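Notes follow the structure.
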Amino acid sequence: MQTDPPLTGVLVLEVGAFMAAPFATMQLADLGARVVKVEPPGTGDPTRSAGPFLDGESSPFLRLNRNKESVVLDLKDERGRAAFLALVDRADVVVENLRPGAMDRLGLGYAALAERRPELVYASASGWGVDGAAATRPGLDIMAQAASGLMSVTGEPDGDPVKVGVPVCDLVTALYVALAVTAALRERDRSGTGQHIDVSLLESGVSLAVWEAGMYLGDGEVPTRQGSAHQRYAPYQAVRTRDGHVTVGANTTRLWTSLCAALGLERLERDPRFADPGSRLANRVALIDCIETVTSTRSSSDVLAALDAAGVPCASIAGYDEVFTDPLLTGRDFFWDAPHPTLPAVRQLGSPMRFSRTPARRGTAGPPLGAATDDVLAELSDPARGGHA
């Protein structure tokens with residue numbers, strides 16, 4: 001029997017822009033929370049100005065802000081702040097990603113709101129953290145990727161530094177915020193008291209350096225760019241085929257043996273340069289050259305079929321035109337269509353969180369600016385009305 005999503009009944013206020021806070025609250029909304037997105041008058045969240053546009057509505061915004069209600073409030077105005085505080089009196093969570101200190105200057109920081117509502121969970125996402133020497137510096141995803149070390153290990157060995165193709169520091173910060181909020185709500189069930197959550201793009205980026213920390217903190221080795229190759233295993237990267245590239249990962253002795261058999265390269269098992277994992281890593285360039293003498297003469301589909309049959313992990317390198325029409329994803333019902341009040345149904349990326357009893361919500365596309373202002377303020381600012389949903 002299916003029941004309501006796990007966070008049904010939780011009311012979240014978002015004061016967010018661009019990516020970190022909105023992506024965090026999108027996760028909470030998918031899990032059933034009611035998310036009221038508080039936007040400034042005029043243009044609203046700057047993401048609304050990011051194209052491409054569907055009949056005037058930002059396509060990225062429609063996906064990043066699904067399952068939310070938009071309320072327009074001028075938090076610099078006394079009446080806007082009063083309306084926001086009335087919402088806080090009913091809320092369980094506030095998530096914001098303004099520059100540290102901005103909410104405090106508005107009288108809406110954690111200290112002020114916790115005094116008013118001690119059970120409130122308040123999450124702040126920022127570039128460098130809410131305190132420390134860099135707290136007031138502006139921080140975007142690319143700065144966090146640079147400062148966290150991610151750009152030093154991304155790209156080809158002899159190439160320029162490049163960032164990860166998606167805003168990974170923004171996104172992982174958002175996931176940490178969502179995880180921390182659910183943990184804080186669980187703890188509040190026991191203590192009755194909320195708390196402040198501080199998640200930075202910098203520390204979120206550094207937290208991903210599992211292999212790199214093992215190298216530098218283990219023996220002082222400074223990780224470097226390896227292209228598509230793994231820092232500690234070989235072969236574990238993209239290899240050339242006759243018509244492109246495929247990825248392959250043979251990170252155990254069994255998989256190495258299977259790969260050699262699948263590609264007719266049994267002689268490599270007898271080559272002292274590749275006798276063990278350490279040797280294969282040390283001689284990776286020569287190893288990949290040997291593998292590509294075979295793969296570069298065969299089509300990608302042929303190489304993948306041979307490796308699949310041998311049980312060796314492998315995959316093609318898909319473009320997003322292939323990803324968004326992938327039969328595996330469509331077969332698992334990953335994509336879904338969300339209704340919108342003025343547009344045709346808006347295709348959405350699914351939530352990767354699959355629950356056996358309490359499925360993630362599939363509700364509405366990102367809302368028009370201020371569409372819910374009157375209804376939300378009338379409902380949630382009236383103490384005579386009960387409930388959050």
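For the structure tokens, the naming scheme is as follows: chains receive sequential letters (A, B, ...) according to their order of presentation, residues are indexed from 1 within each chain, and ligands are indexed from 1 in presentation order.
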Per-residue DSSP, region 23-270 of chain A, filtered to strand (DSSP E or B), as an NGL selection string:
:A and (34-39 or 53-54 or 57-58 or 68-72 or 93-96 or 121-126 or 196-200 or 236-241 or 244-249)
Which polymer residues have any atom within 9 Å of an atom of region 267-270 of chain A, counting only C-alpha atoms, with same-chain residues fewer than 2 positions away left out, as JSON, numbers by chain?
{"A": [256, 257, 260, 264, 265, 272, 273, 274, 275, 287, 290]}
Write the selection just made, keeping C-alpha atoms, as a PDB file, in the first residue's frame?
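The result, written out as again-v7.pdb:
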```pdb
ATOM      1  CA  TRP A 256      41.279  -7.766 -15.388  1.00  0.00           C
ATOM      2  CA  THR A 257      41.367 -11.412 -16.428  1.00  0.00           C
ATOM      3  CA  CYS A 260      41.892  -9.646 -21.358  1.00  0.00           C
ATOM      4  CA  GLY A 264      41.807 -11.337 -26.989  1.00  0.00           C
ATOM      5  CA  LEU A 265      44.582  -9.768 -24.923  1.00  0.00           C
ATOM      6  CA  PRO A 272      55.439  -8.208 -16.153  1.00  0.00           C
ATOM      7  CA  ARG A 273      54.500  -4.544 -16.634  1.00  0.00           C
ATOM      8  CA  PHE A 274      50.897  -5.435 -15.833  1.00  0.00           C
ATOM      9  CA  ALA A 275      51.414  -8.242 -13.321  1.00  0.00           C
ATOM     10  CA  LEU A 287      48.592  -0.461 -20.752  1.00  0.00           C
ATOM     11  CA  CYS A 290      47.967  -2.042 -25.656  1.00  0.00           C
TER      12      CYS A 290
END
```
Interatomic distance between CA of Lys37 (chain A) and CA of Glu69 (chain A)?
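These atoms are spaced 5.8 Å apart.
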In Å, with one decimal, what is the gap from CA of Asp30 (chain A) to CA of Asn97 (chain A)?
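Between CA of Asp30 (chain A) and CA of Asn97 (chain A) the gap works out to 19.5 Å.
For the set A:Arg232, A:His196, A:His245, A:Arg90, the residue with the smallest atom-to-atom gap to Ala282 (chain A) is A:Arg232, counting only C-alpha atoms.
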Rounded to one decimal place, report the CA of Gly218 (chain A)-CA of Leu281 (chain A) distance in Å.
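So the answer is 17.4 Å.
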I want to know what sits within 12 Å of Leu329 (chain A), based on only C-alpha atoms, with residues of the same chain fewer than 5 positions away left out; could you give that as a PyMOL selection string?
chain A and resi 322-324+334-336+349-352
Those residues with C-alpha atoms, as a PDB file, in the first residue's frame please?
```pdb
ATOM      1  CA  GLU A 322      20.658  10.128 -25.742  1.00  0.00           C
ATOM      2  CA  VAL A 323      20.290  10.387 -21.964  1.00  0.00           C
ATOM      3  CA  PHE A 324      16.918  12.116 -22.087  1.00  0.00           C
ATOM      4  CA  PHE A 334      12.342   8.093 -14.566  1.00  0.00           C
ATOM      5  CA  PHE A 335      11.009  11.023 -16.576  1.00  0.00           C
ATOM      6  CA  TRP A 336       7.595  12.480 -15.910  1.00  0.00           C
ATOM      7  CA  LEU A 349      13.854  14.598 -14.421  1.00  0.00           C
ATOM      8  CA  GLY A 350      12.771  12.015 -11.895  1.00  0.00           C
ATOM      9  CA  SER A 351      13.971  11.718  -8.335  1.00  0.00           C
ATOM     10  CA  PRO A 352      16.620   9.003  -7.971  1.00  0.00           C
TER      11      PRO A 352
END
```
Using only C-alpha atoms, which protein or nucleic acid residues come within 7 Å of region 70-74 of chain A? Drop anything in the same chain fewer than 3 positions from it, and give the result as a list in words.
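Counting only the stated atoms, we get Val36, Lys37, Val38, Glu39, Pro40, Pro41, Asp77, Gly80, Pro367, Pro368, Leu369, Gly370, Ala371, Ala372 and Thr373 of chain A.
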Within 12 Å of Ala306 (chain A), counting only C-alpha atoms, which residues qualify if same-chain residues fewer than 6 places away don't, as a list in words?
Val248, Ser258, Leu259, Cys260, Ala261, Ala262, Leu263, Gly264, Val294, Thr295, Arg298, Ser299, Ser300, Val312, Pro313, Cys314 and Ala315 of chain A
Grab the residues selected above and save them as a PDB file, in the first residue's frame with N, CA and C atoms.
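Contents of result_3.pdb, freshly written:
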```
ATOM      1  N   VAL A 248      35.585   1.790 -19.525  1.00  0.00           N
ATOM      2  CA  VAL A 248      35.796   0.437 -19.022  1.00  0.00           C
ATOM      3  C   VAL A 248      36.396   0.521 -17.623  1.00  0.00           C
ATOM      4  N   SER A 258      39.044 -11.094 -17.029  1.00  0.00           N
ATOM      5  CA  SER A 258      37.888 -11.142 -17.927  1.00  0.00           C
ATOM      6  C   SER A 258      38.053 -10.168 -19.086  1.00  0.00           C
ATOM      7  N   LEU A 259      38.585  -8.991 -18.811  1.00  0.00           N
ATOM      8  CA  LEU A 259      38.803  -8.011 -19.872  1.00  0.00           C
ATOM      9  C   LEU A 259      39.794  -8.538 -20.909  1.00  0.00           C
ATOM     10  N   CYS A 260      40.890  -9.111 -20.429  1.00  0.00           N
ATOM     11  CA  CYS A 260      41.892  -9.646 -21.358  1.00  0.00           C
ATOM     12  C   CYS A 260      41.295 -10.735 -22.242  1.00  0.00           C
ATOM     13  N   ALA A 261      40.489 -11.599 -21.651  1.00  0.00           N
ATOM     14  CA  ALA A 261      39.870 -12.669 -22.428  1.00  0.00           C
ATOM     15  C   ALA A 261      38.863 -12.109 -23.424  1.00  0.00           C
ATOM     16  N   ALA A 262      38.074 -11.116 -23.018  1.00  0.00           N
ATOM     17  CA  ALA A 262      37.040 -10.559 -23.887  1.00  0.00           C
ATOM     18  C   ALA A 262      37.631  -9.873 -25.112  1.00  0.00           C
ATOM     19  N   LEU A 263      38.814  -9.280 -24.945  1.00  0.00           N
ATOM     20  CA  LEU A 263      39.418  -8.528 -26.043  1.00  0.00           C
ATOM     21  C   LEU A 263      40.533  -9.293 -26.746  1.00  0.00           C
ATOM     22  N   GLY A 264      40.737 -10.554 -26.371  1.00  0.00           N
ATOM     23  CA  GLY A 264      41.807 -11.337 -26.989  1.00  0.00           C
ATOM     24  C   GLY A 264      43.186 -10.839 -26.603  1.00  0.00           C
ATOM     25  N   VAL A 294      43.531  -2.959 -29.863  1.00  0.00           N
ATOM     26  CA  VAL A 294      42.378  -3.798 -30.210  1.00  0.00           C
ATOM     27  C   VAL A 294      41.105  -2.962 -30.324  1.00  0.00           C
ATOM     28  N   THR A 295      40.802  -2.172 -29.301  1.00  0.00           N
ATOM     29  CA  THR A 295      39.518  -1.464 -29.294  1.00  0.00           C
ATOM     30  C   THR A 295      39.412  -0.456 -30.439  1.00  0.00           C
ATOM     31  N   ARG A 298      37.744  -1.783 -33.571  1.00  0.00           N
ATOM     32  CA  ARG A 298      36.391  -2.327 -33.467  1.00  0.00           C
ATOM     33  C   ARG A 298      35.414  -1.213 -33.124  1.00  0.00           C
ATOM     34  N   SER A 299      34.176  -1.387 -33.490  1.00  0.00           N
ATOM     35  CA  SER A 299      33.164  -0.379 -33.188  1.00  0.00           C
ATOM     36  C   SER A 299      32.867  -0.351 -31.692  1.00  0.00           C
ATOM     37  N   SER A 300      32.321   0.759 -31.249  1.00  0.00           N
ATOM     38  CA  SER A 300      31.952   0.876 -29.837  1.00  0.00           C
ATOM     39  C   SER A 300      30.953  -0.203 -29.449  1.00  0.00           C
ATOM     40  N   VAL A 312      32.398  -7.459 -17.673  1.00  0.00           N
ATOM     41  CA  VAL A 312      33.296  -6.346 -17.359  1.00  0.00           C
ATOM     42  C   VAL A 312      32.491  -5.046 -17.383  1.00  0.00           C
ATOM     43  N   PRO A 313      32.517  -4.232 -16.323  1.00  0.00           N
ATOM     44  CA  PRO A 313      31.782  -2.972 -16.330  1.00  0.00           C
ATOM     45  C   PRO A 313      32.221  -2.073 -17.487  1.00  0.00           C
ATOM     46  N   CYS A 314      31.252  -1.539 -18.228  1.00  0.00           N
ATOM     47  CA  CYS A 314      31.553  -0.707 -19.383  1.00  0.00           C
ATOM     48  C   CYS A 314      30.312   0.098 -19.725  1.00  0.00           C
ATOM     49  N   ALA A 315      30.521   1.165 -20.473  1.00  0.00           N
ATOM     50  CA  ALA A 315      29.385   1.986 -20.916  1.00  0.00           C
ATOM     51  C   ALA A 315      29.830   2.870 -22.050  1.00  0.00           C
TER      52      ALA A 315
END
```
Selection near Thr8 (chain A), 7 Å with only C-alpha atoms, sequence-local residues under 2 positions removed, as a PyMOL selection string
chain A and resi 4-6+10+32-33
